[in-house]
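Listing of input_34.txt; format and content: compact mmCIF, C-alpha atoms and all ligand atoms.
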```
# COMPACT_ATOMS: atom_id res chain seq x y z
CA THR A 82 -23.87 -31.05 -33.61
CA ILE A 83 -27.43 -32.02 -34.48
CA ILE A 84 -29.13 -34.93 -32.73
CA LEU A 85 -32.41 -36.47 -33.81
CA GLY A 86 -34.12 -38.13 -30.83
CA ILE A 87 -36.72 -40.87 -31.15
CA GLU A 88 -38.99 -42.11 -28.34
CA SER A 89 -41.35 -45.09 -28.70
CA SER A 90 -41.20 -46.92 -25.37
CA CYS A 91 -44.88 -46.91 -24.47
CA ASP A 92 -47.84 -45.23 -26.15
CA ASP A 93 -46.37 -41.94 -27.36
CA THR A 94 -44.49 -41.69 -30.64
CA SER A 95 -42.14 -38.74 -30.45
CA ALA A 96 -39.25 -37.19 -32.39
CA ALA A 97 -37.14 -34.16 -31.50
CA VAL A 98 -34.18 -32.27 -32.90
CA ILE A 99 -31.54 -30.53 -30.81
CA LYS A 100 -28.65 -28.47 -32.12
CA ASP A 101 -25.62 -27.99 -29.86
CA GLY A 102 -27.82 -28.81 -26.90
CA LEU A 103 -30.65 -26.41 -27.81
CA LEU A 104 -34.12 -27.66 -28.70
CA LEU A 105 -35.28 -27.00 -32.26
CA SER A 106 -38.39 -29.19 -32.34
CA ASN A 107 -40.28 -31.76 -30.28
CA VAL A 108 -43.24 -33.57 -31.86
CA ILE A 109 -45.43 -35.99 -29.90
CA ALA A 110 -48.21 -38.18 -31.28
CA SER A 111 -50.22 -39.63 -28.39
CA GLN A 112 -52.23 -42.75 -29.02
CA LYS A 113 -55.93 -42.53 -28.29
CA VAL A 114 -56.74 -46.18 -29.04
CA HIS A 115 -55.95 -47.31 -25.50
CA GLU A 116 -58.53 -45.17 -23.71
CA GLU A 117 -61.42 -47.56 -24.25
CA TYR A 118 -59.38 -50.45 -22.82
CA GLY A 119 -58.45 -48.66 -19.59
CA GLY A 120 -54.74 -49.18 -20.16
CA VAL A 121 -52.09 -49.50 -22.84
CA VAL A 122 -52.62 -52.49 -25.15
CA PRO A 123 -49.12 -53.51 -26.34
CA GLU A 124 -50.15 -54.87 -29.75
CA LEU A 125 -52.13 -51.74 -30.56
CA ALA A 126 -49.28 -49.54 -29.35
CA SER A 127 -46.76 -51.19 -31.70
CA ARG A 128 -49.10 -50.82 -34.62
CA ALA A 129 -49.79 -47.14 -33.89
CA HIS A 130 -46.03 -46.46 -33.58
CA GLN A 131 -45.56 -48.07 -36.97
CA GLN A 132 -48.19 -45.74 -38.41
CA ASN A 133 -46.92 -42.60 -36.65
CA ILE A 134 -43.16 -42.85 -36.80
CA VAL A 135 -42.54 -41.60 -40.35
CA PRO A 136 -44.82 -38.54 -40.17
CA VAL A 137 -43.63 -37.68 -36.64
CA VAL A 138 -39.93 -37.80 -37.57
CA ASP A 139 -40.61 -35.94 -40.79
CA THR A 140 -42.51 -33.18 -38.95
CA ALA A 141 -39.77 -32.85 -36.31
CA ILE A 142 -37.13 -32.40 -39.01
CA ARG A 143 -39.22 -29.87 -40.94
CA ARG A 144 -40.13 -27.84 -37.83
CA ALA A 145 -36.45 -27.76 -36.86
CA GLY A 146 -35.66 -26.22 -40.23
CA ILE A 147 -32.85 -28.65 -40.91
CA SER A 148 -32.31 -31.18 -43.64
CA PRO A 149 -31.82 -34.89 -42.81
CA SER A 150 -28.22 -34.75 -44.04
CA ASP A 151 -27.41 -32.25 -41.22
CA ILE A 152 -28.06 -34.92 -38.56
CA SER A 153 -24.90 -35.92 -36.66
CA ALA A 154 -26.41 -38.92 -34.88
CA ILE A 155 -29.77 -40.50 -34.07
CA ALA A 156 -30.58 -41.15 -30.41
CA PHE A 157 -33.34 -43.67 -29.67
CA THR A 158 -34.94 -45.16 -26.57
CA ARG A 159 -33.61 -48.68 -26.15
CA GLY A 160 -35.53 -49.43 -22.95
CA PRO A 161 -37.22 -49.90 -20.58
CA GLY A 162 -40.67 -50.17 -22.11
CA LEU A 163 -42.90 -52.40 -24.20
CA LEU A 164 -40.73 -54.54 -26.45
CA GLY A 165 -42.94 -54.23 -29.54
CA SER A 166 -43.04 -50.46 -29.14
CA LEU A 167 -39.28 -50.19 -28.58
CA LEU A 168 -38.61 -52.30 -31.69
CA VAL A 169 -40.31 -49.71 -33.88
CA GLY A 170 -38.10 -46.82 -32.72
CA THR A 171 -34.96 -48.97 -32.61
CA SER A 172 -35.41 -50.36 -36.12
CA PHE A 173 -36.38 -47.00 -37.50
CA ALA A 174 -33.30 -45.32 -35.98
CA LYS A 175 -31.02 -47.98 -37.46
CA GLY A 176 -32.56 -47.84 -40.92
CA MET A 177 -32.47 -44.07 -41.05
CA ALA A 178 -28.87 -44.00 -39.77
CA ILE A 179 -27.81 -46.42 -42.51
CA GLY A 180 -29.56 -44.24 -45.07
CA LEU A 181 -27.86 -41.08 -43.77
CA GLY A 182 -24.51 -42.70 -43.01
CA CYS A 183 -24.54 -41.50 -39.37
CA ARG A 184 -24.15 -43.23 -36.00
CA ILE A 185 -26.84 -44.22 -33.51
CA VAL A 186 -26.85 -43.64 -29.75
CA ASP A 187 -28.97 -45.79 -27.43
CA VAL A 188 -30.70 -44.06 -24.55
CA ASN A 189 -32.11 -45.39 -21.29
CA HIS A 190 -35.62 -43.91 -21.12
CA LEU A 191 -35.24 -43.24 -17.39
CA HIS A 192 -32.03 -41.27 -17.96
CA GLY A 193 -34.09 -39.22 -20.40
CA HIS A 194 -36.65 -38.34 -17.71
CA VAL A 195 -33.88 -37.48 -15.24
CA LEU A 196 -32.01 -35.31 -17.75
CA SER A 197 -35.12 -33.49 -18.99
CA HIS A 198 -33.93 -30.38 -17.12
CA PHE A 199 -31.09 -30.05 -19.59
CA ILE A 200 -33.46 -29.47 -22.48
CA ARG A 201 -32.86 -25.81 -23.21
CA ASN A 202 -34.52 -23.39 -25.60
CA THR A 203 -31.78 -20.78 -25.22
CA VAL A 204 -28.24 -20.84 -23.84
CA THR A 205 -29.35 -18.72 -20.87
CA ASP A 206 -31.87 -21.31 -19.59
CA ARG A 207 -30.77 -22.51 -16.16
CA VAL A 208 -29.82 -26.16 -15.63
CA PRO A 209 -29.22 -28.09 -12.39
CA GLU A 210 -25.78 -28.13 -10.80
CA PHE A 211 -24.25 -31.50 -9.98
CA PRO A 212 -24.73 -33.35 -7.79
CA TYR A 213 -28.49 -33.06 -7.55
CA LEU A 214 -31.34 -35.26 -6.39
CA CYS A 215 -33.98 -36.27 -8.88
CA LEU A 216 -37.33 -37.58 -7.80
CA LEU A 217 -38.27 -39.73 -10.79
CA ILE A 218 -42.00 -40.34 -10.65
CA SER A 219 -43.59 -41.91 -13.71
CA GLY A 220 -46.00 -44.55 -14.88
CA GLY A 221 -43.55 -47.38 -14.26
CA ASN A 222 -41.07 -46.00 -11.75
CA SER A 223 -40.68 -44.13 -8.48
CA GLN A 224 -37.07 -43.56 -7.59
CA ILE A 225 -34.84 -41.12 -5.77
CA ILE A 226 -31.69 -40.71 -7.81
CA LEU A 227 -28.45 -38.95 -6.95
CA VAL A 228 -27.25 -37.47 -10.23
CA ASN A 229 -23.50 -36.93 -10.10
CA SER A 230 -23.14 -36.16 -13.81
CA PRO A 231 -25.19 -36.78 -16.96
CA ARG A 232 -23.65 -40.25 -17.16
CA ASP A 233 -23.35 -41.10 -13.48
CA MET A 234 -26.58 -41.78 -11.60
CA GLN A 235 -27.08 -43.62 -8.34
CA VAL A 236 -30.48 -44.95 -7.27
CA LEU A 237 -30.82 -44.23 -3.53
CA GLY A 238 -34.33 -45.56 -3.13
CA GLN A 239 -37.20 -46.92 -5.17
CA THR A 240 -40.67 -48.33 -4.95
CA ILE A 241 -40.97 -51.90 -3.74
CA ASP A 242 -44.34 -52.33 -5.45
CA ASP A 243 -46.37 -49.81 -7.49
CA ALA A 244 -45.05 -46.64 -9.09
CA ALA A 245 -46.51 -43.26 -8.13
CA GLY A 246 -48.20 -43.03 -11.54
CA GLU A 247 -49.72 -46.47 -11.04
CA ALA A 248 -51.12 -45.36 -7.68
CA PHE A 249 -52.82 -42.43 -9.41
CA ASP A 250 -54.04 -44.53 -12.35
CA LYS A 251 -55.27 -47.56 -10.40
CA CYS A 252 -57.16 -45.47 -7.84
CA ALA A 253 -58.64 -43.37 -10.64
CA LYS A 254 -59.78 -46.56 -12.33
CA VAL A 255 -61.74 -47.74 -9.29
CA MET A 256 -63.38 -44.30 -9.23
CA GLY A 257 -64.47 -44.94 -12.81
CA LEU A 258 -62.23 -42.27 -14.34
CA PRO A 259 -60.71 -42.73 -17.83
CA TYR A 260 -57.13 -43.93 -18.42
CA PRO A 261 -54.66 -42.50 -17.63
CA GLY A 262 -56.27 -41.30 -14.42
CA GLY A 263 -53.44 -39.13 -13.07
CA PRO A 264 -54.46 -35.94 -14.90
CA HIS A 265 -58.12 -36.48 -13.90
CA ILE A 266 -57.22 -36.81 -10.21
CA ASP A 267 -55.15 -33.64 -10.57
CA ARG A 268 -58.08 -31.74 -12.09
CA LEU A 269 -60.66 -32.99 -9.56
CA SER A 270 -58.29 -32.22 -6.67
CA GLN A 271 -58.44 -28.51 -7.40
CA GLU A 272 -61.99 -28.40 -5.99
CA GLY A 273 -61.67 -31.00 -3.26
CA ASP A 274 -60.79 -31.08 0.44
CA PRO A 275 -57.43 -32.86 0.83
CA LYS A 276 -58.11 -33.53 4.54
CA ARG A 277 -61.53 -35.10 4.15
CA PHE A 278 -60.38 -38.73 3.89
CA LYS A 279 -57.43 -40.49 5.51
CA PHE A 280 -55.65 -43.25 3.62
CA ALA A 281 -52.87 -45.57 4.78
CA LYS A 282 -49.30 -44.33 4.56
CA PRO A 283 -46.60 -47.01 4.35
CA HIS A 284 -43.83 -47.54 6.87
CA ILE A 285 -40.95 -48.54 4.65
CA PRO A 286 -37.36 -48.24 5.85
CA GLU A 287 -34.67 -46.06 4.28
CA LEU A 288 -35.48 -44.29 1.03
CA ASP A 289 -37.71 -46.91 -0.57
CA TYR A 290 -41.32 -46.28 -1.51
CA SER A 291 -44.49 -48.32 -1.39
CA PHE A 292 -47.89 -47.42 -2.82
CA SER A 293 -49.80 -50.70 -2.77
CA GLY A 294 -51.09 -50.22 0.81
CA LEU A 295 -52.50 -46.85 -0.13
CA LYS A 296 -54.21 -48.38 -3.14
CA THR A 297 -55.85 -51.06 -0.96
CA SER A 298 -56.89 -48.53 1.65
CA PHE A 299 -58.42 -46.33 -1.06
CA LEU A 300 -60.28 -49.31 -2.50
CA TYR A 301 -61.68 -50.30 0.93
CA THR A 302 -62.85 -46.76 1.65
CA LEU A 303 -64.79 -46.74 -1.61
CA ARG A 304 -66.16 -50.25 -1.11
CA ASP A 305 -67.37 -49.62 2.45
CA ASN A 306 -68.99 -46.31 1.63
CA VAL A 307 -70.59 -47.41 -1.63
CA LYS A 308 -72.38 -50.18 0.32
CA ALA A 309 -74.20 -47.52 2.35
CA ASP A 310 -74.58 -45.00 -0.49
CA PRO A 311 -74.41 -46.09 -4.14
CA ASP A 312 -73.74 -42.48 -5.19
CA PHE A 313 -70.85 -42.09 -2.76
CA ILE A 314 -68.11 -41.83 -5.42
CA GLU A 315 -70.01 -39.43 -7.63
CA ASN A 316 -70.93 -37.17 -4.69
CA ASN A 317 -67.45 -37.15 -3.18
CA LYS A 318 -65.14 -37.43 -6.16
CA ALA A 319 -63.35 -34.11 -5.65
CA ASP A 320 -62.65 -34.81 -1.96
CA LEU A 321 -61.58 -38.37 -2.76
CA ALA A 322 -59.20 -37.16 -5.46
CA ALA A 323 -57.79 -34.35 -3.30
CA SER A 324 -57.25 -36.66 -0.32
CA LEU A 325 -55.62 -39.31 -2.50
CA GLN A 326 -53.33 -36.77 -4.14
CA ALA A 327 -52.39 -35.27 -0.77
CA THR A 328 -51.45 -38.73 0.56
CA ILE A 329 -49.28 -39.53 -2.47
CA ILE A 330 -47.56 -36.15 -2.10
CA ALA A 331 -46.96 -36.72 1.61
CA ILE A 332 -45.36 -40.11 0.86
CA LEU A 333 -43.14 -38.61 -1.86
CA LEU A 334 -42.06 -35.59 0.20
CA ASP A 335 -41.29 -37.61 3.31
CA LYS A 336 -38.64 -39.66 1.46
CA LEU A 337 -37.37 -36.68 -0.49
CA ASP A 338 -36.73 -34.89 2.79
CA LYS A 339 -34.81 -37.92 4.11
CA ALA A 340 -32.71 -38.07 0.93
CA VAL A 341 -31.88 -34.36 1.13
CA LYS A 342 -30.74 -34.79 4.74
CA ILE A 343 -28.65 -37.88 3.99
CA THR A 344 -26.92 -36.47 0.89
CA GLY A 345 -26.73 -32.80 1.84
CA VAL A 346 -27.34 -31.77 -1.79
CA LYS A 347 -28.48 -28.24 -2.55
CA THR A 348 -30.47 -28.93 -5.70
CA VAL A 349 -33.65 -30.95 -6.15
CA ALA A 350 -35.35 -31.87 -9.43
CA ILE A 351 -38.46 -33.84 -10.33
CA GLY A 352 -39.10 -35.75 -13.54
CA GLY A 353 -41.48 -38.25 -15.16
CA GLY A 354 -45.20 -38.05 -15.87
CA VAL A 355 -46.30 -37.53 -12.26
CA SER A 356 -44.12 -34.40 -12.08
CA ALA A 357 -46.85 -32.81 -14.25
CA ASN A 358 -49.13 -32.96 -11.19
CA SER A 359 -49.92 -29.47 -9.90
CA GLY A 360 -49.96 -30.57 -6.26
CA VAL A 361 -46.60 -32.34 -6.57
CA ARG A 362 -45.07 -29.32 -8.32
CA ALA A 363 -46.31 -26.91 -5.66
CA ALA A 364 -45.25 -29.17 -2.78
CA VAL A 365 -41.72 -29.66 -4.13
CA ALA A 366 -41.36 -25.93 -4.87
CA ASP A 367 -42.52 -25.06 -1.32
CA TYR A 368 -40.28 -27.65 0.24
CA CYS A 369 -37.24 -26.36 -1.66
CA ALA A 370 -38.03 -22.73 -0.87
CA SER A 371 -38.32 -23.43 2.85
CA HIS A 372 -35.13 -25.53 2.87
CA ASN A 373 -33.04 -23.17 0.79
CA LEU A 374 -32.67 -25.59 -2.10
CA ALA A 375 -32.68 -24.87 -5.81
CA ALA A 376 -35.79 -26.48 -7.33
CA PHE A 377 -36.08 -27.75 -10.89
CA ILE A 378 -39.66 -28.35 -11.99
CA PRO A 379 -39.81 -29.40 -15.66
CA GLU A 380 -41.98 -27.77 -18.29
CA ARG A 381 -45.13 -29.89 -18.52
CA ALA A 382 -44.30 -30.93 -22.10
CA PHE A 383 -41.13 -32.59 -20.81
CA THR A 384 -42.72 -34.51 -17.92
CA THR A 385 -44.50 -37.28 -19.81
CA ASP A 386 -42.77 -39.21 -22.59
CA ASN A 387 -41.09 -37.05 -25.22
CA ALA A 388 -38.15 -37.32 -27.59
CA ALA A 389 -36.51 -34.06 -26.48
CA MET A 390 -35.33 -35.81 -23.31
CA VAL A 391 -34.04 -38.73 -25.39
CA ALA A 392 -32.18 -36.36 -27.70
CA ILE A 393 -30.51 -34.51 -24.80
CA ALA A 394 -29.53 -37.75 -23.03
CA GLY A 395 -28.18 -38.98 -26.38
CA TYR A 396 -26.29 -35.73 -26.87
CA PHE A 397 -24.32 -36.30 -23.65
CA LYS A 398 -23.37 -39.80 -24.84
CA TYR A 399 -22.50 -38.44 -28.28
CA LEU A 400 -20.11 -35.93 -26.69
CA ASP A 401 -18.38 -38.89 -25.01
CA GLY A 402 -18.19 -40.76 -28.33
CA ASP A 403 -20.36 -43.49 -26.84
CA PHE A 404 -22.19 -44.93 -29.84
CA CYS A 405 -24.39 -47.98 -30.19
CA ALA A 406 -23.68 -51.03 -32.35
CA MET A 407 -26.02 -51.82 -35.23
CA ASP A 408 -26.90 -55.23 -33.78
CA ALA A 409 -28.21 -53.76 -30.50
CA ALA A 410 -31.62 -55.09 -29.46
CA PRO A 411 -34.02 -53.16 -27.22
CA TYR A 412 -34.58 -54.26 -23.65
CA ALA A 413 -37.97 -54.30 -21.93
CA ARG A 414 -36.48 -54.04 -18.44
CA VAL A 415 -33.48 -52.11 -17.20
CA SER A 416 -32.78 -49.93 -14.21
CA VAL A 417 -31.18 -46.48 -14.11
P1 LIG B 1 -41.75 -45.00 -17.29
O1 LIG B 1 -41.22 -43.67 -17.66
O2 LIG B 1 -41.57 -45.34 -15.85
O3 LIG B 1 -41.29 -46.08 -18.22
P2 LIG B 1 -44.18 -44.13 -18.56
O4 LIG B 1 -43.23 -43.68 -19.61
O5 LIG B 1 -45.38 -44.93 -18.93
O6 LIG B 1 -43.36 -44.95 -17.46
P3 LIG B 1 -44.67 -41.35 -18.06
O7 LIG B 1 -45.12 -41.09 -19.45
O8 LIG B 1 -43.43 -40.74 -17.62
O9 LIG B 1 -44.67 -42.91 -17.70
O10 LIG B 1 -45.83 -40.91 -17.08
C1 LIG B 1 -47.14 -41.37 -17.24
C2 LIG B 1 -47.78 -41.33 -15.86
O11 LIG B 1 -47.87 -39.98 -15.42
C3 LIG B 1 -49.18 -41.92 -15.83
O12 LIG B 1 -49.28 -42.77 -14.72
C4 LIG B 1 -50.07 -40.68 -15.63
O13 LIG B 1 -51.27 -40.90 -14.93
C5 LIG B 1 -49.15 -39.78 -14.83
N1 LIG B 1 -49.53 -38.37 -14.93
C6 LIG B 1 -49.51 -37.56 -16.00
N2 LIG B 1 -49.99 -36.33 -15.70
C7 LIG B 1 -50.32 -36.38 -14.37
C8 LIG B 1 -50.87 -35.44 -13.45
N3 LIG B 1 -51.18 -34.20 -13.82
N4 LIG B 1 -51.07 -35.85 -12.18
C9 LIG B 1 -50.75 -37.10 -11.79
N5 LIG B 1 -50.24 -38.02 -12.60
C10 LIG B 1 -50.02 -37.68 -13.89
FE FE B 2 -41.67 -42.40 -19.29
```

Show me, as structure tokens, the structure contained in the file I just sent.
Amino acid sequence: TIILGIESSCDDTSAAVIKDGLLLSNVIASQKVHEEYGGVVPELASRAHQQNIVPVVDTAIRRAGISPSDISAIAFTRGPGLLGSLLVGTSFAKGMAIGLGCRIVDVNHLHGHVLSHFIRNTVTDRVPEFPYLCLLISGGNSQIILVNSPRDMQVLGQTIDDAAGEAFDKCAKVMGLPYPGGPHIDRLSQEGDPKRFKFAKPHIPELDYSFSGLKTSFLYTLRDNVKADPDFIENNKADLAASLQATIIAILLDKLDKAVKITGVKTVAIGGGVSANSGVRAAVADYCASHNLAAFIPERAFTTDNAAMVAIAGYFKYLDGDFCAMDAAPYARVSV
């Protein structure tokens, strides 16, 4: 079975090929046009997808060493995401499937992030055992999900305001760092003192998250200090980044610990763009080691948006014979 995966939900155009569950290729074209705007501009994203999609799919097929006629089905991201971006991948998948005479499989982008641990290069690669907990931390979502099977996921808790990625990006923005700010905070943190500044941690019941209070507290710290010293941010950026990152990690780990205790699961995974963060990766690995849990930390290439995760999520649906109708429209919003 050969699945072609297509991802176009936000600002990365990606195509991947998997054969019997093993990854043959994964090509990602990231869009640079958004940097100067400090965020993703939907109209520009759609246009760039339109430009990238043919060469990206073509490259993925060539690198996989297959011919288009070998493709069993085309899996595409149907949502959530930017509608204009999703339309490009959805329409392309349909057109190509008609040309090849194969079926299409629609994939929930968030399922893709959660199932990224099933992307394997060889049959011996380890994969999580069910049920497992997945901390899904991305640009648009922060959720704790109990994964009972590839098709059965239960959201135990989620953010009531900003996503973890938004907390990184918005705080980075007020520091004057380029978009997306998450990777810059990560880099600066390496040289900073994580205990130097204290920022507000939310008191939210159960397993839900909140990051907007932290964002405000970060903003006020900058504002108050910049009044006294205009060079405050520049002179303290490593400590600010490290303290911010440490606070976000503490918030994430606190709820993860609660979820582990409530569910009693033995396996913990992380997924989504923020799972690329070195501090998050180390903290989750340490937590799992000290609590005797199996930890699944994704390869960095599979943390941010990629089509390999879409292909593997589509593969599980394909195995169930769960195909998508040709009149399916993408959806901008949908939960897990
Ligand atoms: P969603 O998946 O919720 O629809 P998305 O697809 O836009 O949102 P992803 O591509 O999964 O989000 O992740 C992007 C986010 O990951 C951005 O907020 C970015 O700042 C963050 N990110 C990427 N690398 C790092 C890092 N090293 N440290 C912190 N954050 C990071
Ligand atoms: Fe994503």

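Compared by their closest atoms to ligand FE 2 (chain B), and using all atoms listed in the file, the residues A:Asp310, A:Asp267, A:Asp386, A:Glu117 rank with A:Asp386 nearest.
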
Atom CA of A:Asp243 and atom CA of A:Leu295, how far apart in Å?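 Distance between the two atoms: 10.0 Å.
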
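Among all protein and nucleic acid residues, the ones that lie within 9 Å of ligand FE 2 (chain B) when counting only C-alpha atoms and all ligand atoms are Ser90, Cys91, Pro161, Gly162, His190, Leu191, Gly193, His194, Ile218, Ser219, Gly220, Gly221, Asn222, Gly353, Gly354, Thr384, Thr385, Asp386 and Asn387 of chain A.
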
Which of these, A:Tyr368, A:Phe280, A:Tyr301, A:Phe383, has the shortest distance to ligand LIG 1 (chain B) once you count all atoms listed in the file?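 Using all atoms listed in the file, the shortest distance to ligand LIG 1 (chain B) belongs to A:Phe383.
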
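Between atom CA of A:Gly257 and atom CA of A:Glu124 lies a distance of 24.3 Å.
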
With all atoms listed in the file as the counted atoms, please give the residues lying no more than 9 Å from A:Arg268, apart from itself and same-chain residues fewer than 5 positions off, as a short mmCIF file (atom, residue, chain, number, x, y, z; two decimals) with C-alpha atoms, keeping the file's coordinate frame.
```
data_model
loop_
_atom_site.label_atom_id
_atom_site.label_comp_id
_atom_site.auth_asym_id
_atom_site.auth_seq_id
_atom_site.Cartn_x
_atom_site.Cartn_y
_atom_site.Cartn_z
CA GLY A 263 -53.44 -39.13 -13.07
CA ALA A 319 -63.35 -34.11 -5.65
CA ALA A 322 -59.20 -37.16 -5.46
CA SER A 359 -49.92 -29.47 -9.90
#
```

Please produce, as a Markdown table, a per-residue contact table for stretch 177-258 of chain A versus stretch 401-411 of chain A (criterion: any atom at most 7 Å away, all atoms listed in the file considered), showing the nearest atom pair and its distance in Å to one decimal, sorted by chain then residue number.
```
| residue | atom | partner | partner_atom | distance |
| --- | --- | --- | --- | --- |
| A:Arg184 | CA | A:Phe404 | CA | 6.7 |
| A:Ile185 | CA | A:Cys405 | CA | 5.6 |
| A:Val186 | CA | A:Phe404 | CA | 4.8 |
| A:Asp187 | CA | A:Cys405 | CA | 5.8 |
```

From A:Pro286, A:Gln224, A:Val361, A:Val341, residue lying nearest A:Asn373 [all atoms listed in the file]: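 Ranked by minimum distance to A:Asn373, first place goes to A:Val341.
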
Pairwise distance for atom CA of A:Thr240 and atom N1 of ligand LIG 1 (chain B), rounded to one decimal in Å: 16.7 Å

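The residue set within 8 Å of A:Arg277, counting all atoms listed in the file and dropping same-chain residues fewer than 5 places from it, reads Asp320, Leu321 and Ser324 of chain A.
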
The selected residues should be written to file as a tab-separated table (two decimals), in the coordinates of the input (atoms: C-alpha atoms).
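Writing done, so here's part-v6.tsv:
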```tsv
chain	number	residue	atom	x	y	z
A	320	ASP	CA	-62.65	-34.81	-1.96
A	321	LEU	CA	-61.58	-38.37	-2.76
A	324	SER	CA	-57.25	-36.66	-0.32
```

Have stretch 309-329 of chain A completed to N, CA and C atoms, please, and pass it along as an mmCIF file, in the coordinates of the input.
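Now in selection_23.cif:
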```cif
data_model
loop_
_atom_site.group_PDB
_atom_site.id
_atom_site.type_symbol
_atom_site.label_atom_id
_atom_site.label_comp_id
_atom_site.auth_asym_id
_atom_site.auth_seq_id
_atom_site.Cartn_x
_atom_site.Cartn_y
_atom_site.Cartn_z
ATOM 1 N N ALA A 309 -73.178 -48.327 1.679
ATOM 2 C CA ALA A 309 -74.200 -47.520 2.350
ATOM 3 C C ALA A 309 -74.842 -46.512 1.396
ATOM 4 N N ASP A 310 -74.063 -46.038 0.412
ATOM 5 C CA ASP A 310 -74.580 -45.000 -0.490
ATOM 6 C C ASP A 310 -74.036 -45.242 -1.903
ATOM 7 N N PRO A 311 -74.875 -45.748 -2.787
ATOM 8 C CA PRO A 311 -74.410 -46.090 -4.140
ATOM 9 C C PRO A 311 -73.833 -44.876 -4.893
ATOM 10 N N ASP A 312 -74.240 -43.673 -4.502
ATOM 11 C CA ASP A 312 -73.740 -42.480 -5.190
ATOM 12 C C ASP A 312 -72.521 -41.872 -4.500
ATOM 13 N N PHE A 313 -71.952 -42.630 -3.562
ATOM 14 C CA PHE A 313 -70.850 -42.090 -2.760
ATOM 15 C C PHE A 313 -69.704 -41.524 -3.611
ATOM 16 N N ILE A 314 -69.261 -42.276 -4.615
ATOM 17 C CA ILE A 314 -68.110 -41.830 -5.420
ATOM 18 C C ILE A 314 -68.460 -40.546 -6.165
ATOM 19 N N GLU A 315 -69.603 -40.582 -6.838
ATOM 20 C CA GLU A 315 -70.010 -39.430 -7.630
ATOM 21 C C GLU A 315 -70.135 -38.169 -6.749
ATOM 22 N N ASN A 316 -70.707 -38.331 -5.558
ATOM 23 C CA ASN A 316 -70.930 -37.170 -4.690
ATOM 24 C C ASN A 316 -69.683 -36.680 -3.973
ATOM 25 N N ASN A 317 -68.646 -37.514 -3.948
ATOM 26 C CA ASN A 317 -67.450 -37.150 -3.180
ATOM 27 C C ASN A 317 -66.177 -37.163 -4.023
ATOM 28 N N LYS A 318 -66.326 -37.144 -5.343
ATOM 29 C CA LYS A 318 -65.140 -37.430 -6.160
ATOM 30 C C LYS A 318 -64.039 -36.381 -5.996
ATOM 31 N N ALA A 319 -64.392 -35.129 -5.805
ATOM 32 C CA ALA A 319 -63.350 -34.110 -5.650
ATOM 33 C C ALA A 319 -62.583 -34.306 -4.336
ATOM 34 N N ASP A 320 -63.316 -34.585 -3.258
ATOM 35 C CA ASP A 320 -62.650 -34.810 -1.960
ATOM 36 C C ASP A 320 -61.816 -36.097 -1.976
ATOM 37 N N LEU A 321 -62.346 -37.119 -2.647
ATOM 38 C CA LEU A 321 -61.580 -38.370 -2.760
ATOM 39 C C LEU A 321 -60.280 -38.131 -3.513
ATOM 40 N N ALA A 322 -60.383 -37.431 -4.641
ATOM 41 C CA ALA A 322 -59.200 -37.160 -5.460
ATOM 42 C C ALA A 322 -58.191 -36.303 -4.689
ATOM 43 N N ALA A 323 -58.688 -35.262 -4.026
ATOM 44 C CA ALA A 323 -57.790 -34.350 -3.300
ATOM 45 C C ALA A 323 -57.095 -35.078 -2.148
ATOM 46 N N SER A 324 -57.841 -35.934 -1.452
ATOM 47 C CA SER A 324 -57.250 -36.660 -0.320
ATOM 48 C C SER A 324 -56.239 -37.694 -0.803
ATOM 49 N N LEU A 325 -56.561 -38.344 -1.916
ATOM 50 C CA LEU A 325 -55.620 -39.310 -2.500
ATOM 51 C C LEU A 325 -54.333 -38.603 -2.920
ATOM 52 N N GLN A 326 -54.500 -37.520 -3.649
ATOM 53 C CA GLN A 326 -53.330 -36.770 -4.140
ATOM 54 C C GLN A 326 -52.470 -36.273 -2.969
ATOM 55 N N ALA A 327 -53.132 -35.771 -1.927
ATOM 56 C CA ALA A 327 -52.390 -35.270 -0.770
ATOM 57 C C ALA A 327 -51.584 -36.390 -0.108
ATOM 58 N N THR A 328 -52.166 -37.601 -0.057
ATOM 59 C CA THR A 328 -51.450 -38.730 0.560
ATOM 60 C C THR A 328 -50.235 -39.121 -0.279
ATOM 61 N N ILE A 329 -50.407 -39.175 -1.591
ATOM 62 C CA ILE A 329 -49.280 -39.530 -2.470
ATOM 63 C C ILE A 329 -48.170 -38.481 -2.310
#
```
